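Below you'll find the structure, written out as structure tokens, and then a few comments.
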Amino acid sequence: MLKELEGKGLLIHHWDTDGISSAKLILEHLSGKDIVNKTPGLGNYFLTEEELEEYSKYDFVIVADMNLPEDNILRLAKNAKVMIFDHHLGKVIEEVFHHNPIIKGEDPNKYPSASWIVNDYLKNDLNLFALLGVVGDFEQKIKNNEEFYNKILTFCKENNLEFEDLLKMVYLLDSNYKLGDKKTVEEAPHNLIENGTADFILNNEKWNKNLNKLNQEMDKQLNMPNEEFNDTLLKRINTPYNIISTLTRKVAWSSGKNTIVINTGLFDDLDQIYVRSKKNAEPLITRGKSLGFKCGGKKEVLGAMVPKDKTDSFVKEILEYLKE
């Protein structure tokens with residue numbers, strides 16, 4: 001179906017390893033087509049008015065690993081054929097081709113990343129980029145998914161790699177968005193089509209320098225104190241780096257508790273709020289959207305961009321929900 005697309009195309013993808021891997025697979029499949037790739041402003045789970053105007057000139061638009069707001073998608077669909085490949089929570093957008101097995105009731109454990117969903121749809125053999133998205137979204141937790149961890153171990157054995165190598169590749173690819181380098185994020189899928197090897201990623205000098213800088217910042221922020229509320233930890237940080245999802249993951253997985261992280265340092269007018277919950281986070285996502293916030297996530301995750309004067313009240317609601 002992708003190969004049947006005609007005209008000038010746009011691929012909008014998430015900025016993390018799963019989004020980059022998904023974009024690499026799609027762009028490779030559409031080799032020879034007139035298509036460019038973009039990621040939204042880093043940290044934005046929506047398209048700005050300027051982006052929507054610019055993107056109205058395309059004949060087809062593919063969205064990968066992003067749960068863009070329905071009104072964004074319908075606006076794009078006025079002028080273009082739209083296809084979505086995703087695994088986040090949300091609702092099916094019937095007006096476009098929306099390939100997301102999770103929101104159609106399939107077992108999330110069988111579709112752990114957008115890259116896996118894309119690779120499966122394209123009927124590709126198992127490959128590095130199908131798996132990098134999986135490792136990127138779950139890190140060490142993928143070991144709890146026996147089916148996929150066995151696939152990863154088998155692939156590593158056949159390709160003379162270790163699981164830790166895949167994990168480091170994720171950190172290297174993610175270093176670009178965490179440092180706010182949107183241009184390099186958008187160049188990455190093309191670089192990976194040209195040099196799609198583990199050695200290329202692991203030995204990339206720029207990405208390794210990025211990672212060293214980020215590791216120092218991560219250590220600094222992890223050492224900042226936590227506030228404790230029953231079975232929930234709350235951490236407030238102020239950093240210009242987009243490390244909130246990784247930081248939340250580390251705190252939640254090391255503590256075994258619900259975790260809320262607030263970053264006040266990325267935007268002038270908005271705070272980032274990221275939650276890892278042992279409860280279903282979908283009601284929090286729905287509530288955030290009802291309040292007009294840009295929200296997204298999965299069963300155990302909420303990511304939100306909240307006006308600074310609304311942060312405290314929304315965090316209070318989150319704490320109440322997690323306490324119930």
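For the structure tokens, the naming scheme is as follows: chains receive sequential letters (A, B, ...) according to their order of presentation, residues are indexed from 1 within each chain, and ligands are indexed from 1 in presentation order.
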
Shell around Asp219 in chain A at 12 Å using only C-alpha atoms, local window under 4 positions removed, as a list of chain:residue names: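 Listing them by chain and then by number gives A:Asn212, A:Lys213, A:Leu214, A:Asn215, A:Asn223, A:Met224, A:Ile243, A:Thr246, A:Leu247, A:Lys250, A:Val251.
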
Same residues, N, CA and C atoms, saved as a PDB file, in the first residue's frame:
```pdb
ATOM      1  N   ASN A 212      28.351  11.501  26.457  1.00  0.00           N
ATOM      2  CA  ASN A 212      29.166  11.828  27.630  1.00  0.00           C
ATOM      3  C   ASN A 212      28.603  13.063  28.341  1.00  0.00           C
ATOM      4  N   LYS A 213      28.232  14.067  27.560  1.00  0.00           N
ATOM      5  CA  LYS A 213      27.662  15.287  28.132  1.00  0.00           C
ATOM      6  C   LYS A 213      26.343  14.996  28.847  1.00  0.00           C
ATOM      7  N   LEU A 214      25.511  14.168  28.226  1.00  0.00           N
ATOM      8  CA  LEU A 214      24.214  13.845  28.813  1.00  0.00           C
ATOM      9  C   LEU A 214      24.349  12.999  30.079  1.00  0.00           C
ATOM     10  N   ASN A 215      25.297  12.093  30.086  1.00  0.00           N
ATOM     11  CA  ASN A 215      25.505  11.257  31.269  1.00  0.00           C
ATOM     12  C   ASN A 215      25.870  12.100  32.483  1.00  0.00           C
ATOM     13  N   ASN A 223      20.796  12.987  41.345  1.00  0.00           N
ATOM     14  CA  ASN A 223      21.216  13.271  42.718  1.00  0.00           C
ATOM     15  C   ASN A 223      20.390  14.363  43.385  1.00  0.00           C
ATOM     16  N   MET A 224      19.499  15.015  42.614  1.00  0.00           N
ATOM     17  CA  MET A 224      18.603  15.994  43.221  1.00  0.00           C
ATOM     18  C   MET A 224      17.577  15.252  44.080  1.00  0.00           C
ATOM     19  N   ILE A 243      15.792  15.275  28.807  1.00  0.00           N
ATOM     20  CA  ILE A 243      16.137  13.982  29.397  1.00  0.00           C
ATOM     21  C   ILE A 243      15.024  13.440  30.295  1.00  0.00           C
ATOM     22  N   THR A 246      13.897   9.592  30.028  1.00  0.00           N
ATOM     23  CA  THR A 246      14.933   8.674  30.502  1.00  0.00           C
ATOM     24  C   THR A 246      15.101   8.772  32.006  1.00  0.00           C
ATOM     25  N   LEU A 247      15.070   9.995  32.520  1.00  0.00           N
ATOM     26  CA  LEU A 247      15.222  10.214  33.962  1.00  0.00           C
ATOM     27  C   LEU A 247      14.074   9.565  34.724  1.00  0.00           C
ATOM     28  N   LYS A 250      14.476   5.806  34.820  1.00  0.00           N
ATOM     29  CA  LYS A 250      15.509   5.355  35.754  1.00  0.00           C
ATOM     30  C   LYS A 250      15.011   5.406  37.200  1.00  0.00           C
ATOM     31  N   VAL A 251      14.354   6.517  37.559  1.00  0.00           N
ATOM     32  CA  VAL A 251      13.866   6.660  38.929  1.00  0.00           C
ATOM     33  C   VAL A 251      12.784   5.617  39.219  1.00  0.00           C
TER      34      VAL A 251
END
```

Shell of 9 Å around Lys178 in chain A, only C-alpha atoms, local chain residues under 3 positions omitted, as a VMD selection string: chain A and resid 16 42 174 to 175 181 210 214 240 to 244

What does the file look like for those residues with C-alpha atoms, as a compact mmCIF listing (two decimals), in the first residue's frame?
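Result written to out25.txt:
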```txt
# COMPACT_ATOMS: atom_id res chain seq x y z
CA ASP A 16 13.61 9.05 19.68
CA LEU A 42 11.42 18.66 20.04
CA ASP A 174 18.61 9.49 21.52
CA SER A 175 21.45 11.85 22.41
CA ASP A 181 19.61 18.91 17.78
CA ASN A 210 26.77 13.93 23.11
CA LEU A 214 24.21 13.85 28.81
CA PRO A 240 17.71 22.63 29.08
CA TYR A 241 18.21 19.01 28.00
CA ASN A 242 15.28 16.80 27.00
CA ILE A 243 16.14 13.98 29.40
CA ILE A 244 12.84 13.77 31.26
```

In range 89-310 of chain A, DSSP strand (DSSP E or B) residues written as a VMD selection string: chain A and resid 97 to 99 227 to 229 232 to 237 258 to 263 270 to 276 294 to 298 301 to 307

Minimum-distance residue to Asp120 in chain A, chosen among A:Thr184, A:Ser255, A:Thr39, A:Asn100 (using only C-alpha atoms):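 Comparing A:Thr184, A:Ser255, A:Thr39, A:Asn100 against Asp120 in chain A, the winner is A:Asn100.
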
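Distance annotation: of A:Asp231, A:Asp71, A:Asp137, A:Glu146, the residue with the minimal separation from Arg249 in chain A is A:Asp137; atom set is only C-alpha atoms.
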
Two-atom distance - CA of His98 in chain A, CA of Phe85 in chain A (Å): 6.5 Å

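Proximity ranking of A:Thr259, A:Thr197, A:Thr48, A:Asn37 relative to Phe229 in chain A places A:Thr259 first, based on only C-alpha atoms.
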
Atom-to-atom span, CA of Leu192 in chain A and CA of Lys24 in chain A, Å: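 According to the coordinates, CA of Leu192 in chain A and CA of Lys24 in chain A are separated by 6.7 Å.
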